[in-house]
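Q: Next comes the structure file protein_39.txt, holding compact mmCIF, C-alpha atoms and all ligand atoms.
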```txt
# COMPACT_ATOMS: atom_id res chain seq x y z
CA MET A 1 23.89 -11.09 -59.22
CA THR A 2 25.29 -10.90 -55.69
CA ASP A 3 29.02 -10.30 -55.40
CA LEU A 4 29.97 -12.89 -52.76
CA SER A 5 33.45 -11.49 -52.39
CA ASN A 6 31.89 -8.29 -51.11
CA PRO A 7 28.94 -9.22 -48.84
CA PRO A 8 26.66 -6.46 -47.56
CA GLN A 9 28.02 -4.91 -44.36
CA PRO A 10 25.97 -3.81 -41.36
CA GLU A 11 24.96 -0.17 -41.59
CA GLU A 12 27.87 1.81 -40.18
CA GLY A 13 27.30 3.12 -36.67
CA ARG A 14 24.06 1.12 -36.35
CA PRO A 15 24.32 -1.74 -33.87
CA GLN A 16 22.79 -4.99 -35.12
CA ARG A 17 19.76 -6.52 -33.40
CA GLN A 18 20.72 -9.70 -31.63
CA ARG A 19 18.86 -12.89 -32.48
CA LYS A 20 16.62 -14.04 -29.63
CA PRO A 21 17.87 -17.18 -27.88
CA ASP A 22 15.59 -20.21 -27.64
CA TRP A 23 14.61 -19.50 -24.05
CA ILE A 24 12.91 -16.24 -25.13
CA ARG A 25 10.76 -17.70 -27.89
CA VAL A 26 7.07 -17.92 -27.07
CA LYS A 27 4.00 -19.30 -28.82
CA ALA A 28 1.82 -17.03 -30.97
CA PRO A 29 -1.40 -15.95 -29.25
CA VAL A 30 -4.15 -17.98 -30.91
CA SER A 31 -6.33 -19.48 -28.15
CA LYS A 32 -10.05 -18.94 -27.58
CA GLY A 33 -9.27 -17.32 -24.21
CA TYR A 34 -6.90 -14.88 -25.91
CA HIS A 35 -9.58 -13.78 -28.39
CA GLU A 36 -12.22 -13.47 -25.66
CA THR A 37 -9.92 -11.27 -23.55
CA ARG A 38 -9.15 -9.12 -26.58
CA LYS A 39 -12.83 -8.72 -27.43
CA LEU A 40 -13.73 -7.75 -23.87
CA MET A 41 -11.01 -5.10 -23.73
CA ARG A 42 -12.22 -3.62 -27.04
CA GLU A 43 -15.87 -3.62 -25.95
CA LEU A 44 -15.05 -1.80 -22.72
CA ASN A 45 -12.66 0.62 -24.43
CA LEU A 46 -9.79 -0.44 -22.17
CA ASN A 47 -6.09 -0.38 -23.02
CA THR A 48 -3.68 -3.00 -21.79
CA VAL A 49 0.04 -2.84 -21.25
CA CYS A 50 0.12 -6.39 -22.57
CA GLU A 51 -0.58 -5.08 -26.08
CA GLU A 52 0.94 -1.62 -25.86
CA ALA A 53 4.27 -2.91 -24.54
CA ALA A 54 4.22 -5.88 -26.96
CA CYS A 55 4.65 -8.26 -24.03
CA PRO A 56 5.96 -11.70 -25.02
CA ASN A 57 3.68 -13.40 -22.48
CA ILE A 58 0.41 -12.21 -23.98
CA GLY A 59 -0.51 -15.63 -25.40
CA GLU A 60 -0.11 -17.35 -22.04
CA CYS A 61 -1.66 -14.62 -19.88
CA TRP A 62 -4.66 -13.84 -22.03
CA THR A 63 -5.45 -17.51 -22.48
CA LYS A 64 -5.85 -17.57 -18.68
CA LYS A 65 -7.78 -14.26 -18.85
CA HIS A 66 -5.06 -12.32 -17.05
CA ALA A 67 -4.61 -8.86 -18.52
CA THR A 68 -2.99 -5.76 -17.09
CA VAL A 69 -5.21 -2.76 -17.66
CA MET A 70 -3.40 0.45 -18.60
CA ILE A 71 -5.45 3.43 -17.46
CA LEU A 72 -5.26 7.12 -18.37
CA GLY A 73 -5.14 6.48 -22.11
CA ASP A 74 -2.58 4.96 -24.45
CA VAL A 75 -0.34 7.99 -24.98
CA CYS A 76 2.52 8.68 -22.56
CA THR A 77 4.07 12.08 -21.80
CA ARG A 78 7.55 10.53 -21.50
CA ALA A 79 9.72 8.73 -24.05
CA CYS A 80 11.79 6.11 -22.26
CA ALA A 81 14.29 4.27 -24.45
CA PHE A 82 12.95 0.82 -23.51
CA CYS A 83 9.21 1.37 -23.77
CA ASN A 84 6.91 0.73 -26.72
CA VAL A 85 3.99 2.88 -25.50
CA LYS A 86 3.15 5.84 -27.80
CA THR A 87 4.49 9.26 -26.81
CA GLY A 88 2.80 12.60 -27.34
CA MET A 89 -0.02 14.76 -26.11
CA PRO A 90 -2.51 12.49 -24.34
CA ARG A 91 -6.26 12.70 -24.80
CA ILE A 92 -8.83 13.64 -22.17
CA VAL A 93 -9.20 11.15 -19.29
CA ASP A 94 -12.05 8.65 -19.83
CA SER A 95 -14.52 9.05 -16.99
CA MET A 96 -15.94 5.56 -17.68
CA GLU A 97 -12.57 3.88 -17.24
CA PRO A 98 -12.92 3.05 -13.50
CA GLU A 99 -16.33 1.44 -14.00
CA ASN A 100 -15.25 -0.40 -17.15
CA THR A 101 -12.14 -1.74 -15.41
CA ALA A 102 -14.32 -3.12 -12.62
CA VAL A 103 -16.72 -4.67 -15.18
CA ALA A 104 -13.75 -6.33 -16.93
CA ALA A 105 -12.43 -7.72 -13.63
CA GLY A 106 -15.89 -9.11 -12.85
CA LYS A 107 -16.38 -10.67 -16.30
CA MET A 108 -12.95 -12.26 -16.27
CA GLY A 109 -13.52 -13.51 -12.72
CA LEU A 110 -10.18 -12.16 -11.54
CA GLU A 111 -8.93 -13.01 -8.07
CA HIS A 112 -6.10 -10.52 -8.54
CA ILE A 113 -5.87 -7.56 -10.92
CA VAL A 114 -2.92 -5.42 -11.95
CA ILE A 115 -3.59 -1.82 -12.97
CA THR A 116 -0.93 0.37 -14.50
CA SER A 117 -0.90 3.66 -16.42
CA VAL A 118 1.01 5.81 -18.80
CA ASP A 119 2.86 8.83 -17.37
CA ARG A 120 0.56 11.83 -17.26
CA ASP A 121 2.87 14.74 -16.43
CA ASP A 122 0.24 17.00 -18.04
CA LEU A 123 -2.34 16.37 -15.28
CA PRO A 124 -2.22 18.41 -12.05
CA ASP A 125 -2.17 15.25 -9.91
CA GLY A 126 -0.23 13.09 -12.41
CA GLY A 127 -3.32 10.87 -12.73
CA ALA A 128 -3.43 9.79 -9.06
CA SER A 129 -7.15 10.48 -8.71
CA GLN A 130 -7.91 8.09 -11.58
CA PHE A 131 -6.03 5.32 -9.76
CA VAL A 132 -8.13 6.11 -6.67
CA LYS A 133 -11.37 5.92 -8.70
CA VAL A 134 -10.34 2.60 -10.24
CA ILE A 135 -9.48 1.10 -6.85
CA LYS A 136 -12.81 2.27 -5.41
CA ALA A 137 -14.79 0.89 -8.36
CA LEU A 138 -13.04 -2.48 -8.03
CA ARG A 139 -13.69 -2.63 -4.28
CA ARG A 140 -17.35 -1.87 -4.93
CA GLU A 141 -17.92 -4.24 -7.88
CA THR A 142 -15.54 -7.11 -7.15
CA PRO A 143 -14.77 -6.93 -3.42
CA ASN A 144 -12.89 -10.24 -3.39
CA THR A 145 -10.41 -9.22 -6.08
CA THR A 146 -7.03 -8.22 -4.67
CA ILE A 147 -5.61 -5.11 -6.29
CA GLU A 148 -2.08 -4.43 -7.44
CA ILE A 149 -1.19 -1.07 -8.91
CA LEU A 150 1.91 -0.21 -10.89
CA THR A 151 2.29 3.55 -10.96
CA PRO A 152 4.52 6.14 -12.59
CA ASP A 153 6.84 8.26 -10.42
CA PHE A 154 4.41 11.25 -10.28
CA ARG A 155 7.34 13.61 -10.84
CA GLY A 156 7.00 16.73 -8.67
CA LYS A 157 3.66 15.53 -7.26
CA MET A 158 4.75 12.31 -5.63
CA ARG A 159 3.88 12.89 -1.99
CA ALA A 160 0.24 13.91 -2.53
CA ALA A 161 -0.25 11.21 -5.17
CA VAL A 162 1.10 8.42 -2.97
CA GLU A 163 -0.93 9.60 0.00
CA ALA A 164 -4.19 9.61 -1.99
CA ILE A 165 -3.54 6.20 -3.55
CA CYS A 166 -2.45 4.56 -0.28
CA GLU A 167 -5.61 5.81 1.36
CA ALA A 168 -7.65 4.02 -1.29
CA GLY A 169 -5.96 0.83 -0.02
CA PRO A 170 -4.45 -1.26 -2.83
CA ASP A 171 -3.02 -4.61 -1.70
CA VAL A 172 0.23 -4.19 -3.63
CA TYR A 173 1.93 -0.96 -4.69
CA ASN A 174 4.45 -1.49 -7.47
CA HIS A 175 6.77 1.09 -8.90
CA ASN A 176 9.62 -0.13 -11.09
CA LEU A 177 13.17 1.18 -10.85
CA GLU A 178 13.60 -0.33 -14.36
CA THR A 179 17.43 -0.25 -14.45
CA VAL A 180 20.56 0.61 -12.50
CA PRO A 181 21.18 4.30 -11.70
CA ARG A 182 24.14 4.63 -14.12
CA LEU A 183 21.87 3.89 -17.09
CA TYR A 184 19.11 6.34 -16.20
CA PRO A 185 20.33 9.18 -18.45
CA THR A 186 20.02 6.99 -21.55
CA ILE A 187 17.30 4.50 -20.62
CA ARG A 188 14.95 6.49 -18.39
CA PRO A 189 15.96 10.11 -18.99
CA GLY A 190 12.77 11.69 -17.65
CA ALA A 191 13.09 10.02 -14.26
CA ARG A 192 15.43 10.03 -11.26
CA TYR A 193 16.55 6.81 -9.60
CA TYR A 194 16.50 8.22 -6.07
CA ALA A 195 13.08 9.83 -6.59
CA SER A 196 11.70 6.40 -7.52
CA LEU A 197 13.30 4.82 -4.46
CA ARG A 198 11.86 7.60 -2.33
CA LEU A 199 8.39 6.84 -3.69
CA LEU A 200 8.68 3.22 -2.57
CA GLU A 201 9.82 4.34 0.89
CA GLU A 202 6.97 6.81 1.06
CA VAL A 203 4.37 4.07 0.39
CA LYS A 204 5.74 1.98 3.26
CA SER A 205 5.90 4.92 5.65
CA HIS A 206 2.31 5.77 4.76
CA ASP A 207 0.98 2.23 5.23
CA PRO A 208 3.37 -0.53 6.33
CA MET A 209 0.74 -3.18 5.51
CA ILE A 210 0.72 -2.46 1.77
CA PHE A 211 3.07 -4.83 0.00
CA THR A 212 5.62 -2.96 -2.11
CA LYS A 213 7.09 -4.32 -5.29
CA SER A 214 9.69 -3.12 -7.78
CA GLY A 215 11.62 -4.50 -10.69
CA ILE A 216 14.40 -4.04 -13.16
CA MET A 217 15.13 -5.23 -16.68
CA LEU A 218 18.37 -7.07 -17.33
CA GLY A 219 20.37 -7.01 -20.55
CA LEU A 220 20.67 -3.24 -20.93
CA GLY A 221 24.38 -3.17 -20.10
CA GLU A 222 24.18 -3.25 -16.31
CA GLN A 223 26.99 -4.86 -14.30
CA ARG A 224 26.44 -7.62 -11.73
CA LEU A 225 27.52 -5.49 -8.77
CA GLU A 226 25.24 -2.69 -9.90
CA VAL A 227 22.31 -5.11 -9.81
CA HIS A 228 23.31 -6.18 -6.29
CA GLN A 229 23.38 -2.52 -5.28
CA VAL A 230 19.83 -2.02 -6.62
CA MET A 231 18.74 -4.99 -4.50
CA ASP A 232 20.30 -3.39 -1.42
CA ASP A 233 18.66 -0.05 -2.22
CA MET A 234 15.27 -1.74 -2.55
CA ARG A 235 15.73 -3.56 0.75
CA CYS A 236 16.67 -0.25 2.43
CA ALA A 237 13.33 1.08 1.15
CA ASP A 238 11.71 -2.06 2.64
CA VAL A 239 10.50 -3.34 -0.74
CA ASP A 240 8.86 -6.76 -0.31
CA PHE A 241 8.96 -8.15 -3.82
CA MET A 242 11.62 -7.82 -6.52
CA THR A 243 11.15 -8.78 -10.18
CA MET A 244 13.89 -9.21 -12.80
CA GLY A 245 13.28 -9.99 -16.47
CA GLN A 246 15.09 -9.80 -19.80
CA TYR A 247 14.83 -6.49 -21.67
CA LEU A 248 13.62 -6.99 -25.24
CA GLN A 249 14.00 -4.29 -27.86
CA PRO A 250 10.47 -3.48 -29.09
CA THR A 251 11.57 -1.74 -32.33
CA PRO A 252 14.93 -0.84 -33.90
CA LYS A 253 14.45 2.72 -32.59
CA HIS A 254 14.60 1.58 -28.97
CA ALA A 255 17.66 0.83 -26.82
CA ILE A 256 19.50 -2.24 -28.06
CA VAL A 257 19.77 -5.49 -26.12
CA GLU A 258 23.35 -5.52 -24.85
CA GLU A 259 23.08 -9.08 -23.57
CA PHE A 260 20.68 -11.99 -23.36
CA VAL A 261 21.12 -12.99 -19.74
CA THR A 262 20.98 -16.78 -19.38
CA PRO A 263 18.29 -18.53 -17.31
CA LYS A 264 21.10 -19.75 -15.03
CA ALA A 265 22.25 -16.17 -14.38
CA PHE A 266 18.62 -15.19 -13.63
CA ASP A 267 18.50 -18.02 -11.08
CA ALA A 268 21.70 -16.76 -9.49
CA TYR A 269 20.34 -13.20 -9.23
CA GLY A 270 17.13 -14.61 -7.77
CA ALA A 271 19.05 -16.55 -5.10
CA ILE A 272 21.01 -13.46 -4.13
CA ALA A 273 17.83 -11.36 -3.90
CA ARG A 274 16.18 -13.97 -1.68
CA ALA A 275 19.25 -14.01 0.57
CA LYS A 276 18.94 -10.25 0.90
CA GLY A 277 15.54 -10.70 2.53
CA PHE A 278 12.81 -10.00 -0.04
CA LEU A 279 9.55 -11.78 0.81
CA GLN A 280 9.14 -12.72 -2.84
CA VAL A 281 11.44 -12.72 -5.87
CA ALA A 282 10.66 -13.45 -9.52
CA SER A 283 13.71 -13.72 -11.74
CA THR A 284 13.45 -15.41 -15.13
CA PRO A 285 13.99 -14.16 -18.70
CA LEU A 286 10.22 -13.80 -19.25
CA THR A 287 9.43 -12.24 -15.87
CA ARG A 288 7.43 -9.02 -16.18
CA SER A 289 5.92 -6.97 -13.34
CA SER A 290 2.53 -8.54 -13.80
CA TYR A 291 3.53 -12.03 -14.96
CA HIS A 292 1.94 -14.60 -12.60
CA ALA A 293 1.17 -11.66 -10.29
CA GLY A 294 -1.78 -13.39 -8.60
CA ASP A 295 0.14 -16.55 -7.65
CA ASP A 296 3.11 -14.48 -6.54
CA PHE A 297 0.87 -12.30 -4.42
CA ALA A 298 -0.56 -15.35 -2.62
CA GLN A 299 2.97 -16.61 -1.93
CA MET A 300 4.12 -13.22 -0.71
CA ARG A 301 1.17 -12.93 1.66
CA ALA A 302 1.89 -16.41 3.04
CA ALA A 303 5.57 -15.50 3.47
CA ARG A 304 4.66 -12.41 5.46
CA GLU A 305 2.27 -14.38 7.68
CA ALA A 306 4.96 -16.99 8.33
CA LYS A 307 7.49 -14.27 9.16
CA LEU A 308 5.10 -12.55 11.56
CA ALA A 309 4.20 -15.86 13.24
CA LYS A 310 7.90 -16.65 13.70
CA ALA A 311 8.54 -13.20 15.20
CA ALA A 312 5.59 -13.64 17.56
CA LEU A 313 6.93 -17.03 18.70
CA LYS A 314 10.33 -15.51 19.40
CA GLY A 315 8.75 -12.68 21.38
CA ALA A 316 6.51 -15.03 23.41
S1 LIG B 401 3.11 -10.51 -18.24
FE1 LIG B 401 1.78 -8.79 -17.65
S2 LIG B 401 1.93 -7.36 -19.37
FE2 LIG B 401 2.68 -9.35 -20.10
S3 LIG B 401 0.86 -10.29 -21.00
FE3 LIG B 401 1.01 -11.00 -18.89
S4 LIG B 401 -0.33 -9.61 -17.73
FE4 LIG B 401 0.11 -8.64 -19.71
```
Show how you would write the structure in this file as structure tokens.

A:
Amino acid sequence: MTDLSNPPQPEEGRPQRQRKPDWIRVKAPVSKGYHETRKLMRELNLNTVCEEAACPNIGECWTKKHATVMILGDVCTRACAFCNVKTGMPRIVDSMEPENTAVAAGKMGLEHIVITSVDRDDLPDGGASQFVKVIKALRRETPNTTIEILTPDFRGKMRAAVEAICEAGPDVYNHNLETVPRLYPTIRPGARYYASLRLLEEVKSHDPMIFTKSGIMLGLGEQRLEVHQVMDDMRCADVDFMTMGQYLQPTPKHAIVEEFVTPKAFDAYGAIARAKGFLQVASTPLTRSSYHAGDDFAQMRAAREAKLAKAALKGA
């Protein structure tokens, strides 16, 4: 019998998981479109960050046949405190992956595709050549699909990697800063904040026409002014598109959620980011780098065209 005068206490020294607020709850993935997307990915031996990162939007995105392909395997050489992807010694790179990614894009009829990867610090080029092969295969097989890539930081190999990828000509180059610099030692210990910023700058200096995109997670213990500073840093690197979404703890072993940021606070951050001059901002609890990426890309492209037209009018 339970002794109610002495209820069980939380494990000492172990912070308790916070209950998710209503605005985070999402429907279970059960639709026909979800199962078709899943089947296609299995048939083509492709991994997705949607599954590996346990993304809360998978039901919605896969129903619409939007999936973010994760190339270079499903094992990462880093172990970030926020990320659910497996860590260890990765397997050999799949030479069919570029072709299979293009086949998937064609079968799903994608107007816009997002490609990401695990970190591959074990490879001499960090995996850059696989990104190049994927971009080329997509251009060949589905020439009307716009391409967004979300890359790692290519630690120690960044310049050559960025150069090779930019030459392949993606439409959007995304690299996430993930959090504020103060939290890097605990949340993203294998990376350096200023190296990531430098990568974003490098993309723009290599090809000013490529849209650049970056994002952070909120709820990891960051302060408001630190978030504003990240926005300023991104603008200094001429980043076009900023994303902000709620961090969710994938398992009890990962970093805890310090705070569930309210939708109202996300709106306020979004307004500040827009005032700082980003072409496009996505800031909601469920925002992820690739969430609604196609619609956001179309809006960003229109915003750039409007900005250029306005500048031309002024100069005339
Ligand atoms: S938001 Fe991105 S990662 Fe999440 S399910 Fe949608 S496409 Fe996949």

Q: Neighbouring residues of A:Gln130 were defined as those with any atom within 9 Å, considering only C-alpha atoms; residues of the same chain fewer than 6 positions away were excluded. Please report them as a list in words.

A: Ile71, Leu72, Val93, Ser95, Glu97 and Pro98 of chain A

Q: Using all atoms listed in the file, find each residue with an atom at most 7 Å away from ligand LIG 401 (chain B) and format the answer as a PDB file with C-alpha atoms, in the coordinates of the input.

A:
```
ATOM      1  CA  VAL A  49       0.040  -2.840 -21.250  1.00  0.00           C
ATOM      2  CA  CYS A  50       0.120  -6.390 -22.570  1.00  0.00           C
ATOM      3  CA  CYS A  55       4.650  -8.260 -24.030  1.00  0.00           C
ATOM      4  CA  PRO A  56       5.960 -11.700 -25.020  1.00  0.00           C
ATOM      5  CA  ASN A  57       3.680 -13.400 -22.480  1.00  0.00           C
ATOM      6  CA  ILE A  58       0.410 -12.210 -23.980  1.00  0.00           C
ATOM      7  CA  CYS A  61      -1.660 -14.620 -19.880  1.00  0.00           C
ATOM      8  CA  TRP A  62      -4.660 -13.840 -22.030  1.00  0.00           C
ATOM      9  CA  HIS A  66      -5.060 -12.320 -17.050  1.00  0.00           C
ATOM     10  CA  ALA A  67      -4.610  -8.860 -18.520  1.00  0.00           C
ATOM     11  CA  THR A  68      -2.990  -5.760 -17.090  1.00  0.00           C
ATOM     12  CA  THR A 287       9.430 -12.240 -15.870  1.00  0.00           C
ATOM     13  CA  ARG A 288       7.430  -9.020 -16.180  1.00  0.00           C
ATOM     14  CA  SER A 289       5.920  -6.970 -13.340  1.00  0.00           C
ATOM     15  CA  SER A 290       2.530  -8.540 -13.800  1.00  0.00           C
ATOM     16  CA  TYR A 291       3.530 -12.030 -14.960  1.00  0.00           C
TER      17      TYR A 291
END
```

Q: If you count only C-alpha atoms, which residues fall within 10 Å of stretch 210-217 of chain A, apart from same-chain ones fewer than 2 positions away, as a PDB file with C-alpha atoms, in the frame of the given file?

A:
```pdb
ATOM      1  CA  PHE A  82      12.950   0.820 -23.510  1.00  0.00           C
ATOM      2  CA  GLU A 148      -2.080  -4.430  -7.440  1.00  0.00           C
ATOM      3  CA  ILE A 149      -1.190  -1.070  -8.910  1.00  0.00           C
ATOM      4  CA  LEU A 150       1.910  -0.210 -10.890  1.00  0.00           C
ATOM      5  CA  CYS A 166      -2.450   4.560  -0.280  1.00  0.00           C
ATOM      6  CA  GLY A 169      -5.960   0.830  -0.020  1.00  0.00           C
ATOM      7  CA  PRO A 170      -4.450  -1.260  -2.830  1.00  0.00           C
ATOM      8  CA  ASP A 171      -3.020  -4.610  -1.700  1.00  0.00           C
ATOM      9  CA  VAL A 172       0.230  -4.190  -3.630  1.00  0.00           C
ATOM     10  CA  TYR A 173       1.930  -0.960  -4.690  1.00  0.00           C
ATOM     11  CA  ASN A 174       4.450  -1.490  -7.470  1.00  0.00           C
ATOM     12  CA  HIS A 175       6.770   1.090  -8.900  1.00  0.00           C
ATOM     13  CA  ASN A 176       9.620  -0.130 -11.090  1.00  0.00           C
ATOM     14  CA  LEU A 177      13.170   1.180 -10.850  1.00  0.00           C
ATOM     15  CA  GLU A 178      13.600  -0.330 -14.360  1.00  0.00           C
ATOM     16  CA  THR A 179      17.430  -0.250 -14.450  1.00  0.00           C
ATOM     17  CA  VAL A 180      20.560   0.610 -12.500  1.00  0.00           C
ATOM     18  CA  SER A 196      11.700   6.400  -7.520  1.00  0.00           C
ATOM     19  CA  LEU A 197      13.300   4.820  -4.460  1.00  0.00           C
ATOM     20  CA  LEU A 200       8.680   3.220  -2.570  1.00  0.00           C
ATOM     21  CA  GLU A 201       9.820   4.340   0.890  1.00  0.00           C
ATOM     22  CA  VAL A 203       4.370   4.070   0.390  1.00  0.00           C
ATOM     23  CA  LYS A 204       5.740   1.980   3.260  1.00  0.00           C
ATOM     24  CA  SER A 205       5.900   4.920   5.650  1.00  0.00           C
ATOM     25  CA  HIS A 206       2.310   5.770   4.760  1.00  0.00           C
ATOM     26  CA  ASP A 207       0.980   2.230   5.230  1.00  0.00           C
ATOM     27  CA  PRO A 208       3.370  -0.530   6.330  1.00  0.00           C
ATOM     28  CA  GLY A 219      20.370  -7.010 -20.550  1.00  0.00           C
ATOM     29  CA  LEU A 220      20.670  -3.240 -20.930  1.00  0.00           C
ATOM     30  CA  GLU A 222      24.180  -3.250 -16.310  1.00  0.00           C
ATOM     31  CA  VAL A 227      22.310  -5.110  -9.810  1.00  0.00           C
ATOM     32  CA  VAL A 230      19.830  -2.020  -6.620  1.00  0.00           C
ATOM     33  CA  MET A 231      18.740  -4.990  -4.500  1.00  0.00           C
ATOM     34  CA  MET A 234      15.270  -1.740  -2.550  1.00  0.00           C
ATOM     35  CA  ALA A 237      13.330   1.080   1.150  1.00  0.00           C
ATOM     36  CA  ASP A 238      11.710  -2.060   2.640  1.00  0.00           C
ATOM     37  CA  VAL A 239      10.500  -3.340  -0.740  1.00  0.00           C
ATOM     38  CA  ASP A 240       8.860  -6.760  -0.310  1.00  0.00           C
ATOM     39  CA  PHE A 241       8.960  -8.150  -3.820  1.00  0.00           C
ATOM     40  CA  MET A 242      11.620  -7.820  -6.520  1.00  0.00           C
ATOM     41  CA  THR A 243      11.150  -8.780 -10.180  1.00  0.00           C
ATOM     42  CA  MET A 244      13.890  -9.210 -12.800  1.00  0.00           C
ATOM     43  CA  GLY A 245      13.280  -9.990 -16.470  1.00  0.00           C
ATOM     44  CA  GLN A 246      15.090  -9.800 -19.800  1.00  0.00           C
ATOM     45  CA  TYR A 247      14.830  -6.490 -21.670  1.00  0.00           C
ATOM     46  CA  LEU A 248      13.620  -6.990 -25.240  1.00  0.00           C
ATOM     47  CA  PHE A 278      12.810 -10.000  -0.040  1.00  0.00           C
ATOM     48  CA  LEU A 279       9.550 -11.780   0.810  1.00  0.00           C
ATOM     49  CA  GLN A 280       9.140 -12.720  -2.840  1.00  0.00           C
ATOM     50  CA  VAL A 281      11.440 -12.720  -5.870  1.00  0.00           C
ATOM     51  CA  ALA A 282      10.660 -13.450  -9.520  1.00  0.00           C
ATOM     52  CA  SER A 283      13.710 -13.720 -11.740  1.00  0.00           C
ATOM     53  CA  PRO A 285      13.990 -14.160 -18.700  1.00  0.00           C
ATOM     54  CA  THR A 287       9.430 -12.240 -15.870  1.00  0.00           C
ATOM     55  CA  ARG A 288       7.430  -9.020 -16.180  1.00  0.00           C
ATOM     56  CA  SER A 289       5.920  -6.970 -13.340  1.00  0.00           C
ATOM     57  CA  PHE A 297       0.870 -12.300  -4.420  1.00  0.00           C
ATOM     58  CA  MET A 300       4.120 -13.220  -0.710  1.00  0.00           C
ATOM     59  CA  ARG A 301       1.170 -12.930   1.660  1.00  0.00           C
ATOM     60  CA  ARG A 304       4.660 -12.410   5.460  1.00  0.00           C
TER      61      ARG A 304
END
```

Q: What is the distance, in Å and to one decimal place, between atom CA of A:Tyr269 and atom CA of A:Pro189?

A: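 Atom-to-atom, atom CA of A:Tyr269 and atom CA of A:Pro189 are spaced 25.6 Å apart.
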
Q: When distances are computed from all atoms listed in the file, which of A:Pro29, A:Gly221, A:Pro143, A:Pro263 shows the smallest separation from A:Glu111?

A: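 Counting all atoms listed in the file, the residue closest to A:Glu111 is A:Pro143.
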
Q: Counting only C-alpha atoms, which residue out of A:Arg274, A:Ala54, A:Leu110, A:Arg182 sits closest to A:Asp232?

A: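 Of all the options, A:Arg274 lies closest to A:Asp232.
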
Q: Using all atoms listed in the file, which of the listed residues (A:Gly156, A:Gly59, A:Pro124, A:Pro250) sits closest to A:Asn84?

A: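 Under the stated criterion, the closest residue is A:Pro250.
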
Q: Mind listing as a PyMOL selection string all residues within 7 Å of (9.6, 11.5, -15.8), counting only C-alpha atoms?

A: chain A and resi 78+153+155+190-191

Q: Quote the spacing between atom CA of A:Glu60 and atom CA of A:Lys107 in Å to one decimal place.

A: 18.5 Å

Q: May I have the residues within 9 Å of A:Ile272 as a VMD selection string, using all atoms listed in the file and disregarding those fewer than 4 positions away in the same chain?

A: chain A and resid 228 231 267 to 268 276

Q: If you keep C-alpha atoms, can you produce a file of those selected residues as an mmCIF file, keeping the file's coordinate frame?

A:
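Okay, this is what ended up in part33.cif:
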```
data_model
loop_
_atom_site.group_PDB
_atom_site.id
_atom_site.type_symbol
_atom_site.label_atom_id
_atom_site.label_comp_id
_atom_site.auth_asym_id
_atom_site.auth_seq_id
_atom_site.Cartn_x
_atom_site.Cartn_y
_atom_site.Cartn_z
ATOM 1 C CA HIS A 228 23.310 -6.180 -6.290
ATOM 2 C CA MET A 231 18.740 -4.990 -4.500
ATOM 3 C CA ASP A 267 18.500 -18.020 -11.080
ATOM 4 C CA ALA A 268 21.700 -16.760 -9.490
ATOM 5 C CA LYS A 276 18.940 -10.250 0.900
#
```
